file upload-v7.pdb (PDB, C-alpha atoms and all ligand atoms)
ATOM      1  CA  MET A   1     -25.835  13.217  10.376
ATOM      2  CA  ARG A   2     -24.781  10.188  12.349
ATOM      3  CA  LEU A   3     -21.169   9.968  13.338
ATOM      4  CA  ARG A   4     -19.287   7.020  11.990
ATOM      5  CA  THR A   5     -16.325   5.349  13.486
ATOM      6  CA  PRO A   6     -13.156   4.670  11.488
ATOM      7  CA  ARG A   7     -12.767   0.926  11.162
ATOM      8  CA  ALA A   8      -9.081   0.455  10.857
ATOM      9  CA  ARG A   9      -5.689   1.806  11.590
ATOM     10  CA  PRO A  10      -3.899   3.751   8.857
ATOM     11  CA  SER A  11      -2.882   1.642   5.945
ATOM     12  CA  LEU A  12       0.911   1.783   6.226
ATOM     13  CA  PHE A  13       0.940  -1.171   8.575
ATOM     14  CA  LEU A  14      -1.222  -3.132   6.226
ATOM     15  CA  PHE A  15       1.057  -2.671   3.294
ATOM     16  CA  LEU A  16       4.150  -3.514   5.227
ATOM     17  CA  ALA A  17       2.440  -6.524   6.714
ATOM     18  CA  LEU A  18       1.127  -7.611   3.360
ATOM     19  CA  SER A  19       4.466  -7.270   1.688
ATOM     20  CA  ALA A  20       6.172  -9.148   4.437
ATOM     21  CA  THR A  21       3.590 -11.881   4.215
ATOM     22  CA  LEU A  22       3.943 -12.201   0.502
ATOM     23  CA  TRP A  23       7.651 -12.272   0.710
ATOM     24  CA  ALA A  24       7.641 -14.821   3.461
ATOM     25  CA  GLN A  25       6.110 -17.216   0.971
ATOM     26  CA  ARG A  26       9.184 -16.995  -1.225
ATOM     27  CA  PRO A  27      11.913 -19.321   0.015
ATOM     28  CA  GLY A  28      15.503 -18.304   0.546
ATOM     29  CA  SER A  29      14.928 -14.579   0.790
ATOM     30  CA  SER A  30      14.618 -11.878   3.390
ATOM     31  CA  ALA A  31      13.964  -8.172   3.704
ATOM     32  CA  LEU A  32      16.742  -6.047   2.234
ATOM     33  CA  GLY A  33      19.068  -8.858   1.342
ATOM     34  CA  ARG A  34      20.061 -12.181   2.755
ATOM     35  CA  LEU A  35      20.010 -12.668   6.442
ATOM     36  CA  ALA A  36      23.034 -14.153   8.130
ATOM     37  CA  PRO A  37      22.226 -17.101  10.386
ATOM     38  CA  PRO A  38      21.960 -16.084  14.041
ATOM     39  CA  PRO A  39      25.158 -16.551  16.050
ATOM     40  CA  PRO A  40      25.155 -19.474  18.479
ATOM     41  CA  ALA A  41      24.448 -18.633  22.093
ATOM     42  CA  LYS A  42      27.560 -18.200  24.232
ATOM     43  CA  GLN A  43      26.352 -20.797  26.683
ATOM     44  CA  ALA A  44      25.893 -23.321  23.930
ATOM     45  CA  ALA A  45      29.330 -22.577  22.480
ATOM     46  CA  SER A  46      30.990 -23.089  25.865
ATOM     47  CA  GLY A  47      29.068 -26.280  26.526
ATOM     48  CA  LYS A  48      27.135 -24.819  29.469
ATOM     49  CA  LYS A  49      23.400 -25.204  29.838
ATOM     50  CA  ALA A  50      21.506 -22.307  28.281
ATOM     51  CA  ASN A  51      19.708 -20.007  30.707
ATOM     52  CA  SER A  52      16.048 -20.139  29.642
ATOM     53  CA  THR A  53      15.330 -16.866  31.460
ATOM     54  CA  ALA A  54      17.994 -14.872  29.565
ATOM     55  CA  LYS A  55      16.498 -12.085  27.493
ATOM     56  CA  PRO A  56      17.238 -12.113  23.773
ATOM     57  CA  PRO A  57      19.524  -9.319  22.593
ATOM     58  CA  VAL A  58      17.862  -6.118  21.449
ATOM     59  CA  PRO A  59      18.360  -5.621  17.716
ATOM     60  CA  ILE A  60      20.138  -2.422  16.764
ATOM     61  CA  PHE A  61      18.978  -0.550  13.670
ATOM     62  CA  LYS A  62      20.880   2.053  11.709
ATOM     63  CA  ASP A  63      19.420   4.474   9.161
ATOM     64  CA  ILE A  64      21.220   3.662   5.888
ATOM     65  CA  ALA A  65      18.759   5.366   3.536
ATOM     66  CA  GLN A  66      21.268   7.906   2.267
ATOM     67  CA  GLN A  67      24.053   5.468   1.508
ATOM     68  CA  ALA A  68      21.555   3.011   0.026
ATOM     69  CA  GLY A  69      20.353   5.651  -2.430
ATOM     70  CA  LEU A  70      16.851   5.924  -0.980
ATOM     71  CA  THR A  71      16.820   9.686  -1.123
ATOM     72  CA  VAL A  72      13.475  10.581  -2.697
ATOM     73  CA  SER A  73      11.117  12.249  -0.236
ATOM     74  CA  HIS A  74       7.481  11.307   0.073
ATOM     75  CA  LEU A  75       5.202  13.949  -1.399
ATOM     76  CA  SER A  76       2.645  15.464   0.933
ATOM     77  CA  SER A  77       1.099  18.733   2.034
ATOM     78  CA  ASN A  78       2.500  20.499   5.063
ATOM     79  CA  GLU A  79      -0.604  22.631   5.483
ATOM     80  CA  LYS A  80      -3.059  19.698   5.499
ATOM     81  CA  ARG A  81      -5.947  21.962   4.618
ATOM     82  CA  TYR A  82      -8.245  19.074   3.686
ATOM     83  CA  VAL A  83      -8.700  15.529   4.900
ATOM     84  CA  ILE A  84      -7.212  14.144   1.702
ATOM     85  CA  GLU A  85      -4.021  16.083   2.389
ATOM     86  CA  SER A  86      -3.655  14.141   5.619
ATOM     87  CA  MET A  87      -3.581  10.836   3.777
ATOM     88  CA  SER A  88      -1.293   8.637   1.663
ATOM     89  CA  GLY A  89       1.637   6.434   2.391
ATOM     90  CA  GLY A  90       2.648   2.820   2.134
ATOM     91  CA  VAL A  91       5.586   0.747   1.015
ATOM     92  CA  GLY A  92       5.862  -2.588  -0.727
ATOM     93  CA  LEU A  93       8.915  -4.820  -0.512
ATOM     94  CA  PHE A  94       8.983  -7.275  -3.395
ATOM     95  CA  ASP A  95      11.375  -8.805  -5.881
ATOM     96  CA  CYS A  96      10.342  -7.363  -9.233
ATOM     97  CA  ASP A  97      12.975  -9.249 -11.279
ATOM     98  CA  ASN A  98      13.268 -12.470  -9.290
ATOM     99  CA  ASP A  99      16.979 -11.933  -8.707
ATOM    100  CA  GLY A 100      16.654 -12.867  -5.040
ATOM    101  CA  LYS A 101      16.931  -9.299  -3.743
ATOM    102  CA  LEU A 102      13.993  -7.255  -2.551
ATOM    103  CA  ASP A 103      13.127  -4.112  -4.450
ATOM    104  CA  ILE A 104      11.113  -1.250  -2.956
ATOM    105  CA  VAL A 105       7.973   0.472  -4.182
ATOM    106  CA  MET A 106       6.945   3.595  -2.279
ATOM    107  CA  VAL A 107       3.585   5.308  -2.656
ATOM    108  CA  ASN A 108       3.665   9.034  -3.335
ATOM    109  CA  GLY A 109       1.068  11.525  -2.198
ATOM    110  CA  SER A 110       0.229  14.872  -3.711
ATOM    111  CA  THR A 111      -1.538  18.081  -2.749
ATOM    112  CA  VAL A 112      -4.834  19.547  -3.879
ATOM    113  CA  ASP A 113      -3.000  22.173  -5.906
ATOM    114  CA  ARG A 114      -0.672  19.641  -7.534
ATOM    115  CA  TYR A 115      -3.495  17.185  -8.184
ATOM    116  CA  ARG A 116      -5.408  19.847 -10.055
ATOM    117  CA  GLN A 117      -2.329  20.215 -12.271
ATOM    118  CA  GLY A 118      -2.338  16.501 -13.061
ATOM    119  CA  GLY A 119      -0.977  15.057  -9.849
ATOM    120  CA  ASP A 120       2.266  13.276  -9.105
ATOM    121  CA  LEU A 121       3.778   9.923  -9.945
ATOM    122  CA  MET A 122       1.761   7.554  -7.810
ATOM    123  CA  VAL A 123       4.736   5.378  -6.890
ATOM    124  CA  THR A 124       8.524   5.336  -6.911
ATOM    125  CA  LEU A 125      10.299   2.038  -7.592
ATOM    126  CA  TRP A 126      13.856   1.303  -6.499
ATOM    127  CA  HIS A 127      15.756  -1.706  -7.769
ATOM    128  CA  GLN A 128      18.181  -3.236  -5.316
ATOM    129  CA  ASP A 129      21.590  -3.535  -6.905
ATOM    130  CA  ALA A 130      24.662  -5.014  -5.256
ATOM    131  CA  ASP A 131      25.735  -4.203  -1.699
ATOM    132  CA  LEU A 132      22.406  -2.744  -0.558
ATOM    133  CA  LYS A 133      22.496   0.013  -3.167
ATOM    134  CA  PHE A 134      19.211   1.040  -4.763
ATOM    135  CA  THR A 135      18.488   2.741  -8.094
ATOM    136  CA  ASP A 136      15.310   4.659  -8.906
ATOM    137  CA  ILE A 137      13.912   2.850 -11.968
ATOM    138  CA  THR A 138      10.369   4.254 -11.886
ATOM    139  CA  GLN A 139      10.426   5.675 -15.396
ATOM    140  CA  LYS A 140      12.280   2.753 -16.951
ATOM    141  CA  ALA A 141       9.868   0.398 -15.255
ATOM    142  CA  GLY A 142       6.898   2.152 -16.854
ATOM    143  CA  LEU A 143       5.269   3.171 -13.584
ATOM    144  CA  THR A 144       4.337   6.531 -15.009
ATOM    145  CA  ARG A 145       0.703   6.986 -14.035
ATOM    146  CA  LYS A 146       0.175  10.298 -12.254
ATOM    147  CA  GLY A 147      -2.451  11.035  -9.625
ATOM    148  CA  TRP A 148      -2.576  10.842  -5.860
ATOM    149  CA  GLY A 149      -1.312   7.527  -4.537
ATOM    150  CA  MET A 150      -2.649   6.073  -1.306
ATOM    151  CA  GLY A 151      -1.435   2.494  -1.038
ATOM    152  CA  VAL A 152      -0.001  -0.539  -2.787
ATOM    153  CA  ALA A 153      -0.586  -4.282  -2.683
ATOM    154  CA  VAL A 154       1.652  -6.875  -4.343
ATOM    155  CA  ALA A 155       0.690 -10.242  -5.822
ATOM    156  CA  ASP A 156       1.114 -12.314  -8.971
ATOM    157  CA  PHE A 157      -2.440 -11.937 -10.223
ATOM    158  CA  ASP A 158      -1.847 -13.695 -13.565
ATOM    159  CA  ASN A 159       0.334 -16.516 -12.236
ATOM    160  CA  ASP A 160       3.197 -15.843 -14.643
ATOM    161  CA  GLY A 161       5.832 -15.902 -11.908
ATOM    162  CA  PHE A 162       6.309 -12.140 -11.701
ATOM    163  CA  LEU A 163       4.807 -10.070  -8.905
ATOM    164  CA  ASP A 164       2.382  -7.363 -10.007
ATOM    165  CA  LEU A 165       1.360  -4.098  -8.352
ATOM    166  CA  TYR A 166      -2.015  -2.682  -7.471
ATOM    167  CA  VAL A 167      -1.794   0.978  -6.517
ATOM    168  CA  THR A 168      -4.705   2.702  -4.804
ATOM    169  CA  GLY A 169      -5.318   6.416  -4.955
ATOM    170  CA  TYR A 170      -7.779   9.243  -5.055
ATOM    171  CA  GLY A 171      -9.801   9.336  -8.276
ATOM    172  CA  ARG A 172      -8.572   6.018  -9.673
ATOM    173  CA  ASN A 173      -6.452   2.982  -8.979
ATOM    174  CA  VAL A 174      -3.844   1.315 -11.173
ATOM    175  CA  LEU A 175      -3.004  -2.326 -11.882
ATOM    176  CA  TYR A 176       0.528  -2.707 -13.188
ATOM    177  CA  ARG A 177       1.327  -6.107 -14.693
ATOM    178  CA  ASN A 178       4.955  -7.102 -14.316
ATOM    179  CA  LYS A 179       6.286  -8.098 -17.740
ATOM    180  CA  GLY A 180       9.469  -9.403 -16.143
ATOM    181  CA  ASN A 181      12.776  -7.731 -15.401
ATOM    182  CA  CYS A 182      11.003  -4.957 -13.475
ATOM    183  CA  THR A 183       9.113  -3.545 -16.446
ATOM    184  CA  PHE A 184       5.371  -3.027 -16.138
ATOM    185  CA  GLU A 185       2.312  -2.334 -18.255
ATOM    186  CA  ASP A 186      -0.814  -0.550 -17.080
ATOM    187  CA  VAL A 187      -3.639  -3.084 -17.520
ATOM    188  CA  THR A 188      -6.148  -1.341 -15.255
ATOM    189  CA  ASP A 189      -8.925  -0.728 -17.722
ATOM    190  CA  LYS A 190      -8.605  -4.087 -19.439
ATOM    191  CA  ALA A 191      -8.757  -5.764 -16.036
ATOM    192  CA  GLY A 192     -11.678  -3.621 -14.855
ATOM    193  CA  VAL A 193     -10.160  -2.597 -11.526
ATOM    194  CA  ARG A 194      -9.964   1.168 -11.926
ATOM    195  CA  ALA A 195     -12.455   1.759  -9.098
ATOM    196  CA  GLY A 196     -12.596   5.503  -8.327
ATOM    197  CA  GLY A 197     -13.522   7.530  -5.319
ATOM    198  CA  PHE A 198     -11.066   7.635  -2.465
ATOM    199  CA  SER A 199      -9.430   4.194  -2.323
ATOM    200  CA  THR A 200      -7.028   3.560   0.525
ATOM    201  CA  GLY A 201      -6.179  -0.019   1.494
ATOM    202  CA  ALA A 202      -5.954  -3.027  -0.799
ATOM    203  CA  ALA A 203      -5.150  -6.669  -0.212
ATOM    204  CA  TRP A 204      -4.929  -9.753  -2.402
ATOM    205  CA  ALA A 205      -6.170 -13.221  -1.439
ATOM    206  CA  ASP A 206      -7.668 -16.191  -3.254
ATOM    207  CA  TYR A 207     -10.963 -16.294  -1.381
ATOM    208  CA  ASP A 208     -12.553 -18.995  -3.551
ATOM    209  CA  ARG A 209      -9.403 -21.079  -3.956
ATOM    210  CA  ASP A 210      -9.617 -21.225  -7.718
ATOM    211  CA  GLY A 211      -5.895 -20.504  -8.037
ATOM    212  CA  ASN A 212      -6.301 -16.837  -8.906
ATOM    213  CA  VAL A 213      -5.782 -14.135  -6.302
ATOM    214  CA  ASP A 214      -8.711 -11.792  -5.802
ATOM    215  CA  LEU A 215      -8.597  -8.196  -4.653
ATOM    216  CA  PHE A 216     -10.328  -6.262  -1.898
ATOM    217  CA  VAL A 217     -10.206  -2.471  -1.855
ATOM    218  CA  SER A 218     -11.309  -0.303   1.045
ATOM    219  CA  ARG A 219     -12.450   3.238   0.485
ATOM    220  CA  TYR A 220     -12.549   6.173   2.840
ATOM    221  CA  VAL A 221     -14.682   9.304   2.500
ATOM    222  CA  HIS A 222     -16.297  11.098  -0.396
ATOM    223  CA  VAL A 223     -14.095  14.000  -1.476
ATOM    224  CA  ASP A 224     -15.234  16.371  -4.219
ATOM    225  CA  MET A 225     -12.303  18.395  -5.498
ATOM    226  CA  ASP A 226     -14.683  21.104  -6.676
ATOM    227  CA  HIS A 227     -16.342  21.476  -3.280
ATOM    228  CA  LEU A 228     -13.698  21.050  -0.631
ATOM    229  CA  PRO A 229     -14.853  22.009   2.875
ATOM    230  CA  VAL A 230     -12.590  24.613   4.414
ATOM    231  CA  PHE A 231     -11.399  25.032   7.983
ATOM    232  CA  GLY A 232     -14.223  25.775  10.402
ATOM    233  CA  SER A 233     -16.980  25.587   7.790
ATOM    234  CA  SER A 234     -19.245  23.314   9.873
ATOM    235  CA  LYS A 235     -19.628  22.063  13.429
ATOM    236  CA  PHE A 236     -17.444  19.102  12.479
ATOM    237  CA  CYS A 237     -14.605  21.434  11.529
ATOM    238  CA  ASN A 238     -14.141  23.032  14.932
ATOM    239  CA  PHE A 239     -12.346  21.790  18.002
ATOM    240  CA  LYS A 240     -13.085  23.649  21.233
ATOM    241  CA  GLY A 241     -13.912  26.739  19.239
ATOM    242  CA  VAL A 242     -10.807  26.562  17.060
ATOM    243  CA  PRO A 243     -11.382  26.123  13.300
ATOM    244  CA  VAL A 244      -9.731  22.892  12.166
ATOM    245  CA  GLN A 245      -9.575  20.672   9.115
ATOM    246  CA  CYS A 246     -12.929  19.101   8.168
ATOM    247  CA  GLY A 247     -13.273  15.358   8.306
ATOM    248  CA  PRO A 248     -13.612  12.557   8.510
ATOM    249  CA  TRP A 249     -16.339  13.281  11.057
ATOM    250  CA  GLY A 250     -19.445  14.527   9.322
ATOM    251  CA  MET A 251     -18.293  13.456   5.876
ATOM    252  CA  GLN A 252     -20.006  10.913   3.656
ATOM    253  CA  GLY A 253     -18.146   7.612   3.620
ATOM    254  CA  GLU A 254     -17.569   5.363   0.627
ATOM    255  CA  SER A 255     -18.320   1.702   0.008
ATOM    256  CA  ASP A 256     -15.709  -1.045  -0.386
ATOM    257  CA  LEU A 257     -14.979  -3.213  -3.402
ATOM    258  CA  LEU A 258     -14.204  -6.887  -3.989
ATOM    259  CA  PHE A 259     -12.821  -7.875  -7.379
ATOM    260  CA  HIS A 260     -13.041 -11.543  -8.316
ATOM    261  CA  ASN A 261     -10.159 -12.603 -10.564
ATOM    262  CA  LYS A 262     -11.656 -14.443 -13.543
ATOM    263  CA  GLY A 263      -8.288 -15.879 -14.534
ATOM    264  CA  ASP A 264      -8.231 -14.334 -17.996
ATOM    265  CA  GLY A 265      -6.763 -10.985 -17.044
ATOM    266  CA  THR A 266     -10.124  -9.505 -16.118
ATOM    267  CA  PHE A 267     -11.982  -9.066 -12.842
ATOM    268  CA  GLU A 268     -15.606  -8.837 -11.762
ATOM    269  CA  GLU A 269     -16.676  -6.543  -8.936
ATOM    270  CA  VAL A 270     -18.674  -8.818  -6.609
ATOM    271  CA  SER A 271     -18.773  -6.948  -3.307
ATOM    272  CA  LYS A 272     -22.584  -6.808  -3.097
ATOM    273  CA  LYS A 273     -22.969 -10.461  -4.078
ATOM    274  CA  ALA A 274     -20.370 -11.423  -1.499
ATOM    275  CA  GLY A 275     -21.877  -9.235   1.234
ATOM    276  CA  VAL A 276     -18.802  -7.060   1.739
ATOM    277  CA  SER A 277     -19.778  -3.865  -0.059
ATOM    278  CA  ASP A 278     -20.134  -1.870   3.150
ATOM    279  CA  PRO A 279     -23.580  -0.417   2.346
ATOM    280  CA  ASN A 280     -23.356   1.792   5.440
ATOM    281  CA  GLN A 281     -20.252   3.373   3.970
ATOM    282  CA  TYR A 282     -18.126   3.329   7.058
ATOM    283  CA  TYR A 283     -14.715   4.914   6.789
ATOM    284  CA  GLY A 284     -12.328   2.361   5.317
ATOM    285  CA  LEU A 285      -8.574   2.740   5.567
ATOM    286  CA  GLY A 286      -6.974  -0.661   5.685
ATOM    287  CA  VAL A 287      -7.793  -4.275   4.920
ATOM    288  CA  ILE A 288      -6.318  -7.643   5.783
ATOM    289  CA  TRP A 289      -7.457 -11.170   4.980
ATOM    290  CA  GLY A 290      -7.482 -13.993   7.480
ATOM    291  CA  ASP A 291      -9.056 -17.330   8.201
TER     292      ASP A 291
HETATM  293 CA    CA B 301      15.070  -7.835  -7.203
HETATM  294 CA    CA B 302       2.345 -11.544 -12.698
HETATM  295 CA    CA B 303      -9.793 -16.565  -6.632
END
call {"tool": "encode", "arguments": {"input": "upload-v7.pdb", "output": "structure tokens"}}
result
Amino acid sequence: MRLRTPRARPSLFLFLALSATLWAQRPGSSALGRLAPPPPAKQAASGKKANSTAKPPVPIFKDIAQQAGLTVSHLSSNEKRYVIESMSGGVGLFDCDNDGKLDIVMVNGSTVDRYRQGGDLMVTLWHQDADLKFTDITQKAGLTRKGWGMGVAVADFDNDGFLDLYVTGYGRNVLYRNKGNCTFEDVTDKAGVRAGGFSTGAAWADYDRDGNVDLFVSRYVHVDMDHLPVFGSSKFCNFKGVPVQCGPWGMQGESDLLFHNKGDGTFEEVSKKAGVSDPNQYYGLGVIWGD
């Protein structure tokens, strides 16, 4: 079997970048609250000419997760027995109730054993309250689909003014429509964007400029839960004579998907028509749109 080369970096960057991009389009807001205007340069304040060669100050970051209430740990497998147990992750920063403060959606993983028992909540949603405090509102928000989450992409697919969530995962994906006030309904099947297989990255963009954002989904490798390759079971699962996890080398890849938004709450999968179906089934992890 011919070796294939992974096409993209892991998807975490994509989701962060996507979220930041989306948010940047909303005026008057910033990540995790309002940004204070930058202080004036000392030279300017004293009336002296600014030194163009002076280096900008290095920003200092402090971990405030505990005091902010962001205490839920990401689910994953320590053993990483299979390639799917090495995957998952992603965060979306978006304002789910349009109150001017960013809320946080985090993708949860799972394990093979837990998935066989029904899986785990695919995402956790925190609402940002006052003073950089966050409250876990996942259940109240209706984000209750269980499975094995891999990524998330945020956009207002129905143009009602509320940002919606598309969550990728192993086995199926989920489209949550934001009903307002951070409450969601699962419209996946009605919309026709369930997909399947091993979806990883996702990104929204209006490729045909009809006013409705469309959706691209990248997929990784074919994983059959009933026939999981174990450590050392083929030449691809050994490294210098040491049995290691199988994959992605030697594994069958999966195609990618492009969903055209028809503007009535439904989508049409057009990847073949558009020439982006990835017929060679290279390993897809992330996706980003650009001109
Ligand atoms: Ca908010
Ligand atoms: Ca919406
Ligand atoms: Ca469109």
call {"tool": "resolve_selection", "arguments": {"input": "upload-v7.pdb", "expression": "the PyMOL selection byres (((chain A and resi 171) around 9) and not hetatm)", "output": "PDB file with C-alpha atoms, keeping the file's coordinate frame"}}
result
ATOM      1  CA  GLY A 147      -2.451  11.035  -9.625  1.00  0.00           C
ATOM      2  CA  TRP A 148      -2.576  10.842  -5.860  1.00  0.00           C
ATOM      3  CA  GLY A 169      -5.318   6.416  -4.955  1.00  0.00           C
ATOM      4  CA  TYR A 170      -7.779   9.243  -5.055  1.00  0.00           C
ATOM      5  CA  ARG A 172      -8.572   6.018  -9.673  1.00  0.00           C
ATOM      6  CA  ASN A 173      -6.452   2.982  -8.979  1.00  0.00           C
ATOM      7  CA  ARG A 194      -9.964   1.168 -11.926  1.00  0.00           C
ATOM      8  CA  ALA A 195     -12.455   1.759  -9.098  1.00  0.00           C
ATOM      9  CA  GLY A 196     -12.596   5.503  -8.327  1.00  0.00           C
ATOM     10  CA  GLY A 197     -13.522   7.530  -5.319  1.00  0.00           C
ATOM     11  CA  PHE A 198     -11.066   7.635  -2.465  1.00  0.00           C
ATOM     12  CA  SER A 199      -9.430   4.194  -2.323  1.00  0.00           C
TER      13      SER A 199
END
call {"tool": "residues_around", "arguments": {"input": "upload-v7.pdb", "residues": "Ala202 in chain A", "least_positions_apart": "2", "cutoff": "10 Å", "atoms": "all atoms listed in the file", "output": "mmCIF file with C-alpha atoms, keeping the file's coordinate frame"}}
result
data_model
loop_
_atom_site.group_PDB
_atom_site.id
_atom_site.type_symbol
_atom_site.label_atom_id
_atom_site.label_comp_id
_atom_site.auth_asym_id
_atom_site.auth_seq_id
_atom_site.Cartn_x
_atom_site.Cartn_y
_atom_site.Cartn_z
ATOM 1 C CA SER A 11 -2.882 1.642 5.945
ATOM 2 C CA LEU A 14 -1.222 -3.132 6.226
ATOM 3 C CA PHE A 15 1.057 -2.671 3.294
ATOM 4 C CA LEU A 18 1.127 -7.611 3.360
ATOM 5 C CA MET A 150 -2.649 6.073 -1.306
ATOM 6 C CA GLY A 151 -1.435 2.494 -1.038
ATOM 7 C CA VAL A 152 -0.001 -0.539 -2.787
ATOM 8 C CA ALA A 153 -0.586 -4.282 -2.683
ATOM 9 C CA VAL A 154 1.652 -6.875 -4.343
ATOM 10 C CA TYR A 166 -2.015 -2.682 -7.471
ATOM 11 C CA VAL A 167 -1.794 0.978 -6.517
ATOM 12 C CA THR A 168 -4.705 2.702 -4.804
ATOM 13 C CA SER A 199 -9.430 4.194 -2.323
ATOM 14 C CA THR A 200 -7.028 3.560 0.525
ATOM 15 C CA TRP A 204 -4.929 -9.753 -2.402
ATOM 16 C CA LEU A 215 -8.597 -8.196 -4.653
ATOM 17 C CA PHE A 216 -10.328 -6.262 -1.898
ATOM 18 C CA VAL A 217 -10.206 -2.471 -1.855
ATOM 19 C CA SER A 218 -11.309 -0.303 1.045
ATOM 20 C CA ARG A 219 -12.450 3.238 0.485
ATOM 21 C CA ASP A 256 -15.709 -1.045 -0.386
ATOM 22 C CA LEU A 257 -14.979 -3.213 -3.402
ATOM 23 C CA LEU A 258 -14.204 -6.887 -3.989
ATOM 24 C CA LEU A 285 -8.574 2.740 5.567
ATOM 25 C CA GLY A 286 -6.974 -0.661 5.685
ATOM 26 C CA VAL A 287 -7.793 -4.275 4.920
ATOM 27 C CA ILE A 288 -6.318 -7.643 5.783
#
call {"tool": "resolve_selection", "arguments": {"input": "upload-v7.pdb", "expression": "the PyMOL selection byres (((chain A and resi 163) around 12) and not hetatm)", "output": "number ranges by chain"}}
result
A: 19, 22-23, 26, 92-98, 102-103, 105, 153-162, 164-166, 175-184, 204, 213
call {"tool": "closest_residue", "arguments": {"input": "upload-v7.pdb", "among": "A:Glu254, A:His127, A:Ala205, A:Val72", "to": "Gly100 in chain A", "atoms": "all atoms listed in the file"}}
result
A:His127
call {"tool": "closest_residue", "arguments": {"input": "upload-v7.pdb", "among": "A:His260, A:Lys62, A:His74, A:Arg116", "to": "ligand CA 303 (chain B)", "atoms": "all atoms listed in the file"}}
result
A:His260
call {"tool": "residues_near_ligand", "arguments": {"input": "upload-v7.pdb", "ligand": "ligand CA 303 (chain B)", "cutoff": "9 Å", "atoms": "all atoms listed in the file", "output": "PyMOL selection string"}}
result
chain A and resi 205-215+260-263
call {"tool": "atom_distance", "arguments": {"input": "upload-v7.pdb", "atom1": "CA of Glu269 in chain A", "atom2": "CA of Val221 in chain A"}}
result
19.6 Å
call {"tool": "closest_residue", "arguments": {"input": "upload-v7.pdb", "among": "A:Leu121, A:Ile137, A:Ala54, A:Val83", "to": "ligand CA 301 (chain B)", "atoms": "all atoms listed in the file"}}
result
A:Ile137
call {"tool": "closest_residue", "arguments": {"input": "upload-v7.pdb", "among": "A:Lys240, A:Gln281, A:Val187, A:Met225", "to": "ligand CA 302 (chain B)", "atoms": "all atoms listed in the file"}}
result
A:Val187
call {"tool": "closest_residue", "arguments": {"input": "upload-v7.pdb", "among": "A:Ala141, A:Lys273, A:Leu75, A:Glu185", "to": "ligand CA 302 (chain B)", "atoms": "all atoms listed in the file"}}
result
A:Glu185
call {"tool": "resolve_selection", "arguments": {"input": "upload-v7.pdb", "expression": "the PyMOL selection byres (((chain A and resi 84-86) around 10) and not hetatm)", "output": "list in words"}}
result
Ser76, Ser77, Asn78, Glu79, Lys80, Arg81, Tyr82, Val83, Met87, Ser88, Gly89, Gly109, Ser110, Thr111, Val112, Trp148, Met150, Tyr170, Phe198, Tyr220, Val221, His222, Val223, Met225, Leu228, Gln245, Cys246, Gly247 and Pro248 of chain A
call {"tool": "decode", "arguments": {"input": "upload-v7.pdb", "residues": "range 237-260 of chain A", "atoms": "C-alpha atoms", "output": "mmCIF file, in the first residue's frame"}}
result
data_model
loop_
_atom_site.group_PDB
_atom_site.id
_atom_site.type_symbol
_atom_site.label_atom_id
_atom_site.label_comp_id
_atom_site.auth_asym_id
_atom_site.auth_seq_id
_atom_site.Cartn_x
_atom_site.Cartn_y
_atom_site.Cartn_z
ATOM 1 C CA CYS A 237 2.832 -0.621 13.658
ATOM 2 C CA ASN A 238 6.496 -1.069 14.508
ATOM 3 C CA PHE A 239 9.219 1.478 15.047
ATOM 4 C CA LYS A 240 12.777 0.145 15.032
ATOM 5 C CA GLY A 241 11.498 -3.218 16.155
ATOM 6 C CA VAL A 242 9.315 -1.826 18.934
ATOM 7 C CA PRO A 243 5.552 -2.461 18.631
ATOM 8 C CA VAL A 244 3.743 0.878 18.476
ATOM 9 C CA GLN A 245 0.285 2.233 17.789
ATOM 10 C CA CYS A 246 -0.960 1.577 14.235
ATOM 11 C CA GLY A 247 -1.627 4.516 11.985
ATOM 12 C CA PRO A 248 -2.027 6.690 10.220
ATOM 13 C CA TRP A 249 0.629 5.114 8.005
ATOM 14 C CA GLY A 250 -0.782 2.114 6.211
ATOM 15 C CA MET A 251 -4.383 2.975 7.009
ATOM 16 C CA GLN A 252 -7.089 3.759 4.480
ATOM 17 C CA GLY A 253 -7.842 7.470 4.345
ATOM 18 C CA GLU A 254 -11.251 9.084 3.995
ATOM 19 C CA SER A 255 -12.637 11.598 1.524
ATOM 20 C CA ASP A 256 -13.625 15.184 2.353
ATOM 21 C CA LEU A 257 -17.041 16.807 2.176
ATOM 22 C CA LEU A 258 -18.406 20.150 0.989
ATOM 23 C CA PHE A 259 -21.937 21.075 2.020
ATOM 24 C CA HIS A 260 -23.638 23.819 0.031
#
